[in-house]
>>> print(open('start_16.tsv').read())   # TSV, N, CA, C and O atoms
chain	number	residue	atom	x	y	z
A	587	THR	N	64.91	144.91	95.53
A	587	THR	CA	64.30	144.25	96.67
A	587	THR	C	65.21	143.17	97.21
A	587	THR	O	66.19	142.79	96.56
A	588	TYR	N	64.87	142.65	98.37
A	588	TYR	CA	65.70	141.60	98.95
A	588	TYR	C	65.71	140.34	98.08
A	588	TYR	O	66.70	139.62	98.04
A	589	ARG	N	64.62	140.10	97.36
A	589	ARG	CA	64.58	138.92	96.48
A	589	ARG	C	65.61	139.04	95.34
A	589	ARG	O	66.22	138.05	94.96
A	590	ASP	N	65.77	140.24	94.82
A	590	ASP	CA	66.77	140.45	93.76
A	590	ASP	C	68.18	140.22	94.30
A	590	ASP	O	69.02	139.61	93.64
A	591	ILE	N	68.43	140.71	95.50
A	591	ILE	CA	69.74	140.55	96.12
A	591	ILE	C	70.00	139.07	96.40
A	591	ILE	O	71.06	138.54	96.09
A	592	LYS	N	68.99	138.41	96.96
A	592	LYS	CA	69.12	136.97	97.25
A	592	LYS	C	69.41	136.20	95.97
A	592	LYS	O	70.30	135.35	95.93
A	593	SER	N	68.70	136.51	94.92
A	593	SER	CA	68.88	135.83	93.63
A	593	SER	C	70.29	136.07	93.08
A	593	SER	O	70.93	135.14	92.56
A	594	ASP	N	70.77	137.30	93.19
A	594	ASP	CA	72.10	137.62	92.68
A	594	ASP	C	73.19	136.90	93.47
A	594	ASP	O	74.13	136.35	92.90
A	595	ILE	N	73.05	136.88	94.79
A	595	ILE	CA	74.02	136.18	95.64
A	595	ILE	C	74.00	134.69	95.32
A	595	ILE	O	75.05	134.06	95.17
A	596	LEU	N	72.81	134.12	95.19
A	596	LEU	CA	72.69	132.71	94.87
A	596	LEU	C	73.32	132.40	93.50
A	596	LEU	O	73.99	131.39	93.33
A	597	GLY	N	73.14	133.32	92.56
A	597	GLY	CA	73.76	133.16	91.24
A	597	GLY	C	75.28	133.15	91.33
A	597	GLY	O	75.94	132.34	90.67
A	598	LYS	N	75.84	134.02	92.14
A	598	LYS	CA	77.30	134.05	92.31
A	598	LYS	C	77.81	132.77	92.93
A	598	LYS	O	78.88	132.28	92.58
A	599	ILE	N	77.02	132.20	93.83
A	599	ILE	CA	77.42	130.95	94.47
A	599	ILE	C	77.35	129.80	93.47
A	599	ILE	O	78.28	129.01	93.37
A	600	THR	N	76.26	129.71	92.72
A	600	THR	CA	76.11	128.60	91.77
A	600	THR	C	77.08	128.70	90.60
A	600	THR	O	77.51	127.67	90.07
A	601	ARG	N	77.44	129.91	90.20
A	601	ARG	CA	78.43	130.08	89.12
A	601	ARG	C	79.86	129.80	89.60
A	601	ARG	O	80.76	129.65	88.79
A	602	GLY	N	80.04	129.77	90.91
A	602	GLY	CA	81.37	129.51	91.44
A	602	GLY	C	82.17	130.76	91.74
A	602	GLY	O	83.35	130.67	92.09
A	603	ASP	N	81.54	131.94	91.63
A	603	ASP	CA	82.24	133.17	92.01
A	603	ASP	C	82.60	133.12	93.49
A	603	ASP	O	83.65	133.61	93.90
A	604	TRP	N	81.70	132.56	94.28
A	604	TRP	CA	81.93	132.33	95.71
A	604	TRP	C	81.79	130.83	95.94
A	604	TRP	O	80.70	130.32	96.19
A	605	PRO	N	82.88	130.07	95.86
A	605	PRO	CA	82.82	128.62	96.02
A	605	PRO	C	82.53	128.21	97.47
A	605	PRO	O	82.63	129.05	98.38
A	606	PRO	N	82.19	126.94	97.70
A	606	PRO	CA	81.92	126.47	99.06
A	606	PRO	C	83.08	126.79	100.00
A	606	PRO	O	84.25	126.62	99.66
A	607	GLY	N	82.74	127.30	101.17
A	607	GLY	CA	83.72	127.64	102.17
A	607	GLY	C	84.24	129.07	102.08
A	607	GLY	O	84.91	129.56	102.99
A	608	SER	N	83.92	129.76	101.00
A	608	SER	CA	84.44	131.12	100.83
A	608	SER	C	83.65	132.13	101.66
A	608	SER	O	82.46	131.96	101.93
A	609	LEU	N	84.34	133.17	102.06
A	609	LEU	CA	83.76	134.24	102.85
A	609	LEU	C	83.00	135.19	101.93
A	609	LEU	O	83.50	135.60	100.88
A	610	ILE	N	81.79	135.52	102.33
A	610	ILE	CA	80.95	136.45	101.57
A	610	ILE	C	81.18	137.85	102.15
A	610	ILE	O	81.33	138.00	103.36
A	611	PRO	N	81.22	138.88	101.30
A	611	PRO	CA	81.39	140.24	101.83
A	611	PRO	C	80.35	140.56	102.91
A	611	PRO	O	79.25	140.00	102.91
A	612	GLY	N	80.68	141.48	103.79
A	612	GLY	CA	79.79	141.88	104.87
A	612	GLY	C	78.56	142.62	104.39
A	612	GLY	O	78.51	143.08	103.24
A	613	GLU	N	77.59	142.74	105.27
A	613	GLU	CA	76.33	143.40	104.93
A	613	GLU	C	76.53	144.83	104.45
A	613	GLU	O	75.88	145.26	103.51
A	614	LEU	N	77.41	145.57	105.11
A	614	LEU	CA	77.63	146.96	104.70
A	614	LEU	C	78.20	147.04	103.30
A	614	LEU	O	77.79	147.88	102.49
A	615	ASP	N	79.15	146.16	102.99
A	615	ASP	CA	79.74	146.14	101.64
A	615	ASP	C	78.70	145.75	100.60
A	615	ASP	O	78.63	146.35	99.52
A	616	LEU	N	77.89	144.75	100.92
A	616	LEU	CA	76.85	144.32	99.98
A	616	LEU	C	75.79	145.40	99.80
A	616	LEU	O	75.33	145.63	98.68
A	617	ALA	N	75.43	146.08	100.88
A	617	ALA	CA	74.45	147.16	100.78
A	617	ALA	C	74.96	148.26	99.86
A	617	ALA	O	74.20	148.80	99.04
A	618	GLU	N	76.24	148.57	99.97
A	618	GLU	CA	76.83	149.59	99.09
A	618	GLU	C	76.85	149.11	97.65
A	618	GLU	O	76.53	149.84	96.73
A	619	THR	N	77.22	147.84	97.45
A	619	THR	CA	77.27	147.26	96.11
A	619	THR	C	75.90	147.31	95.43
A	619	THR	O	75.80	147.66	94.26
A	620	TYR	N	74.87	146.93	96.18
A	620	TYR	CA	73.52	146.87	95.60
A	620	TYR	C	72.75	148.18	95.72
A	620	TYR	O	71.64	148.28	95.21
A	621	GLY	N	73.32	149.15	96.39
A	621	GLY	CA	72.65	150.43	96.55
A	621	GLY	C	71.36	150.31	97.35
A	621	GLY	O	70.35	150.92	97.00
A	622	SER	N	71.42	149.50	98.39
A	622	SER	CA	70.22	149.28	99.19
A	622	SER	C	70.55	149.47	100.67
A	622	SER	O	71.69	149.67	101.05
A	623	ALA	N	69.53	149.35	101.49
A	623	ALA	CA	69.72	149.45	102.93
A	623	ALA	C	70.31	148.15	103.47
A	623	ALA	O	70.10	147.07	102.90
A	624	ARG	N	71.02	148.27	104.57
A	624	ARG	CA	71.62	147.09	105.20
A	624	ARG	C	70.54	146.09	105.62
A	624	ARG	O	70.72	144.87	105.52
A	625	ALA	N	69.39	146.58	106.06
A	625	ALA	CA	68.29	145.70	106.47
A	625	ALA	C	67.80	144.84	105.31
A	625	ALA	O	67.42	143.68	105.50
A	626	THR	N	67.81	145.39	104.11
A	626	THR	CA	67.39	144.64	102.92
A	626	THR	C	68.36	143.50	102.65
A	626	THR	O	67.96	142.37	102.38
A	627	VAL	N	69.66	143.79	102.75
A	627	VAL	CA	70.68	142.76	102.56
A	627	VAL	C	70.55	141.71	103.66
A	627	VAL	O	70.64	140.51	103.40
A	628	ASN	N	70.30	142.16	104.88
A	628	ASN	CA	70.17	141.24	106.00
A	628	ASN	C	69.02	140.25	105.76
A	628	ASN	O	69.16	139.06	106.03
A	629	ARG	N	67.93	140.73	105.23
A	629	ARG	CA	66.78	139.84	104.97
A	629	ARG	C	67.14	138.80	103.91
A	629	ARG	O	66.81	137.63	104.05
A	630	ALA	N	67.83	139.22	102.86
A	630	ALA	CA	68.26	138.28	101.82
A	630	ALA	C	69.20	137.22	102.40
A	630	ALA	O	69.06	136.02	102.12
A	631	MET	N	70.12	137.66	103.25
A	631	MET	CA	71.08	136.73	103.85
A	631	MET	C	70.37	135.76	104.80
A	631	MET	O	70.68	134.57	104.82
A	632	ARG	N	69.40	136.26	105.57
A	632	ARG	CA	68.66	135.37	106.48
A	632	ARG	C	67.94	134.27	105.71
A	632	ARG	O	67.90	133.12	106.14
A	633	GLU	N	67.37	134.63	104.57
A	633	GLU	CA	66.67	133.62	103.77
A	633	GLU	C	67.65	132.59	103.21
A	633	GLU	O	67.33	131.41	103.13
A	634	LEU	N	68.84	133.04	102.83
A	634	LEU	CA	69.85	132.10	102.34
A	634	LEU	C	70.30	131.15	103.45
A	634	LEU	O	70.59	129.98	103.20
A	635	VAL	N	70.34	131.65	104.69
A	635	VAL	CA	70.65	130.78	105.83
A	635	VAL	C	69.53	129.77	106.01
A	635	VAL	O	69.78	128.56	106.17
A	636	GLU	N	68.28	130.24	105.97
A	636	GLU	CA	67.13	129.34	106.13
A	636	GLU	C	67.09	128.28	105.04
A	636	GLU	O	66.66	127.15	105.28
A	637	ASP	N	67.55	128.63	103.84
A	637	ASP	CA	67.57	127.69	102.72
A	637	ASP	C	68.76	126.74	102.80
A	637	ASP	O	68.89	125.83	101.98
A	638	GLY	N	69.66	126.97	103.77
A	638	GLY	CA	70.82	126.09	103.94
A	638	GLY	C	71.95	126.35	102.96
A	638	GLY	O	72.82	125.50	102.77
A	639	ILE	N	71.96	127.53	102.35
A	639	ILE	CA	72.98	127.86	101.35
A	639	ILE	C	74.23	128.46	101.99
A	639	ILE	O	75.35	128.16	101.59
A	640	ILE	N	74.02	129.33	102.97
A	640	ILE	CA	75.15	129.96	103.66
A	640	ILE	C	75.02	129.74	105.16
A	640	ILE	O	73.96	129.35	105.65
A	641	GLU	N	76.11	129.99	105.87
A	641	GLU	CA	76.08	129.96	107.32
A	641	GLU	C	76.70	131.26	107.82
A	641	GLU	O	77.63	131.78	107.21
A	642	ARG	N	76.13	131.76	108.91
A	642	ARG	CA	76.60	133.03	109.46
A	642	ARG	C	77.03	132.82	110.89
A	642	ARG	O	76.36	132.14	111.65
A	643	LYS	N	78.15	133.43	111.23
A	643	LYS	CA	78.64	133.38	112.60
A	643	LYS	C	79.03	134.78	113.01
A	643	LYS	O	79.71	135.49	112.28
A	644	ARG	N	78.59	135.15	114.18
A	644	ARG	CA	78.90	136.47	114.71
A	644	ARG	C	80.40	136.65	114.80
A	644	ARG	O	81.11	135.75	115.24
A	645	LYS	N	80.89	137.76	114.36
A	645	LYS	CA	82.31	138.14	114.37
A	645	LYS	C	83.15	137.40	113.33
A	645	LYS	O	84.26	137.79	113.06
A	646	SER	N	82.61	136.31	112.75
A	646	SER	CA	83.37	135.55	111.75
A	646	SER	C	82.87	135.84	110.34
A	646	SER	O	83.57	135.56	109.37
A	647	GLY	N	81.65	136.31	110.22
A	647	GLY	CA	81.10	136.62	108.91
A	647	GLY	C	80.25	135.50	108.35
A	647	GLY	O	79.91	134.54	109.02
A	648	SER	N	79.93	135.64	107.07
A	648	SER	CA	79.07	134.68	106.38
A	648	SER	C	79.91	133.90	105.38
A	648	SER	O	80.74	134.47	104.67
A	649	ARG	N	79.68	132.61	105.32
A	649	ARG	CA	80.40	131.74	104.40
A	649	ARG	C	79.42	130.86	103.63
A	649	ARG	O	78.35	130.51	104.13
A	650	VAL	N	79.83	130.49	102.43
A	650	VAL	CA	79.06	129.54	101.65
A	650	VAL	C	79.23	128.18	102.32
A	650	VAL	O	80.35	127.78	102.65
A	651	ARG	N	78.13	127.50	102.56
A	651	ARG	CA	78.21	126.17	103.20
A	651	ARG	C	78.99	125.21	102.32
A	651	ARG	O	78.89	125.25	101.09
A	652	LEU	N	79.75	124.34	102.96
A	652	LEU	CA	80.51	123.33	102.22
A	652	LEU	C	79.57	122.34	101.55
A	652	LEU	O	79.82	121.90	100.43
A	653	ALA	N	78.49	122.00	102.22
A	653	ALA	CA	77.48	121.10	101.66
A	653	ALA	C	76.11	121.69	101.98
A	653	ALA	O	75.71	121.70	103.14
A	654	PRO	N	75.42	122.22	100.97
A	654	PRO	CA	74.10	122.81	101.22
A	654	PRO	C	73.16	121.80	101.88
A	654	PRO	O	73.20	120.61	101.58
A	655	LEU	N	72.35	122.28	102.80
A	655	LEU	CA	71.38	121.41	103.46
A	655	LEU	C	70.30	121.01	102.48
A	655	LEU	O	69.85	121.81	101.67
A	656	ARG	N	69.90	119.78	102.55
A	656	ARG	CA	68.79	119.30	101.72
A	656	ARG	C	67.59	119.19	102.65
A	656	ARG	O	67.60	118.42	103.60
A	657	GLN	N	66.57	119.98	102.38
A	657	GLN	CA	65.39	119.93	103.22
A	657	GLN	C	64.17	120.33	102.42
A	657	GLN	O	64.26	121.11	101.48
A	658	ALA	N	63.06	119.77	102.80
A	658	ALA	CA	61.79	120.13	102.15
A	658	ALA	C	61.17	121.27	102.93
A	658	ALA	O	61.16	121.27	104.15
A	659	ARG	N	60.67	122.26	102.21
A	659	ARG	CA	59.98	123.38	102.84
A	659	ARG	C	58.64	123.56	102.15
A	659	ARG	O	58.54	123.53	100.93
A	660	PHE	N	57.64	123.77	102.97
A	660	PHE	CA	56.30	123.97	102.43
A	660	PHE	C	55.75	125.29	102.94
A	660	PHE	O	55.83	125.58	104.12
A	661	ASP	N	55.21	126.07	102.03
A	661	ASP	CA	54.54	127.31	102.42
A	661	ASP	C	53.04	127.05	102.32
A	661	ASP	O	52.53	126.73	101.25
A	662	ILE	N	52.38	127.17	103.43
A	662	ILE	CA	50.94	126.93	103.46
A	662	ILE	C	50.24	128.28	103.49
A	662	ILE	O	50.40	129.05	104.45
A	663	PRO	N	49.51	128.60	102.42
A	663	PRO	CA	48.82	129.90	102.40
A	663	PRO	C	47.74	129.95	103.46
A	663	PRO	O	47.06	128.96	103.74
A	664	VAL	N	47.61	131.12	104.06
A	664	VAL	CA	46.62	131.28	105.13
A	664	VAL	C	45.37	131.94	104.60
A	664	VAL	O	45.36	132.77	103.79
>>> encode(input="start_16.tsv", output="structure tokens")
Amino acid sequence: TYRDIKSDILGKITRGDWPPGSLIPGELDLAETYGSARATVNRAMRELVEDGIIERKRKSGSRVRLAPLRQARFDIPV
């Protein structure tokens, strides 16, 4: 699932496999690595952007943020 992919990517970042500022492989490469659909990888990456862990730029790719954003997030059940 996308949560597993997100967790694995986050683990690689925290272990230093992908240090701050480093380029993360593209969605197609990650989809092949994880044996999943590109849309699944895209969802994991979007959540990492929302969490302030990575930044994505069109045509430039995704990079680990130099300084992760510190923000409070609240999920209010409906």
>>> closest_residue(input="start_16.tsv", among="A:Ile662, A:Val627, A:Ile599, A:Leu616", to="Ile639 in chain A", atoms="only N, CA, C and O atoms")
A:Ile599
>>> residues_around(input="start_16.tsv", residues="Ile610 in chain A", least_positions_apart="3", cutoff="8 Å", atoms="all atoms listed in the file", output="count of residues only")
11
>>> select_by_dssp(input="start_16.tsv", residues="chain A", states="strand (DSSP E or B)", output="list in words")
Leu609, Ile610, Ile640, Glu641, Arg642, Lys643, Gly647, Ser648, Arg649 and Val650 of chain A
>>> axis_aligned_box(input="start_16.tsv", around="range 632-635 of chain A", padding_each_side="4 Å", output="AutoDock Vina command-line options")
--center_x 68.7 --center_y 132.4 --center_z 104.4 --size_x 12.0 --size_y 15.7 --size_z 12.1
>>> residues_near_point(input="start_16.tsv", point="(73.2, 147.0, 107.4)", cutoff="6 Å", atoms="only C-alpha atoms", output="VMD selection string")
chain A and resid 613 to 614 624 to 625
>>> closest_residue(input="start_16.tsv", among="A:Arg632, A:Asp615, A:Arg651, A:Ala623", to="Thr600 in chain A", atoms="only C-alpha atoms")
A:Arg651
>>> atom_distance(input="start_16.tsv", atom1="CA of Leu652 in chain A", atom2="CA of Tyr588 in chain A")
23.7 Å
>>> atom_distance(input="start_16.tsv", atom1="atom C of Leu596 in chain A", atom2="atom N of Asp661 in chain A")
21.0 Å
>>> closest_residue(input="start_16.tsv", among="A:Asp603, A:Thr626, A:Ala653, A:Asp637", to="Thr587 in chain A", atoms="only N, CA, C and O atoms")
A:Thr626
>>> atom_distance(input="start_16.tsv", atom1="atom O of Ala630 in chain A", atom2="atom C of Arg589 in chain A")
8.2 Å
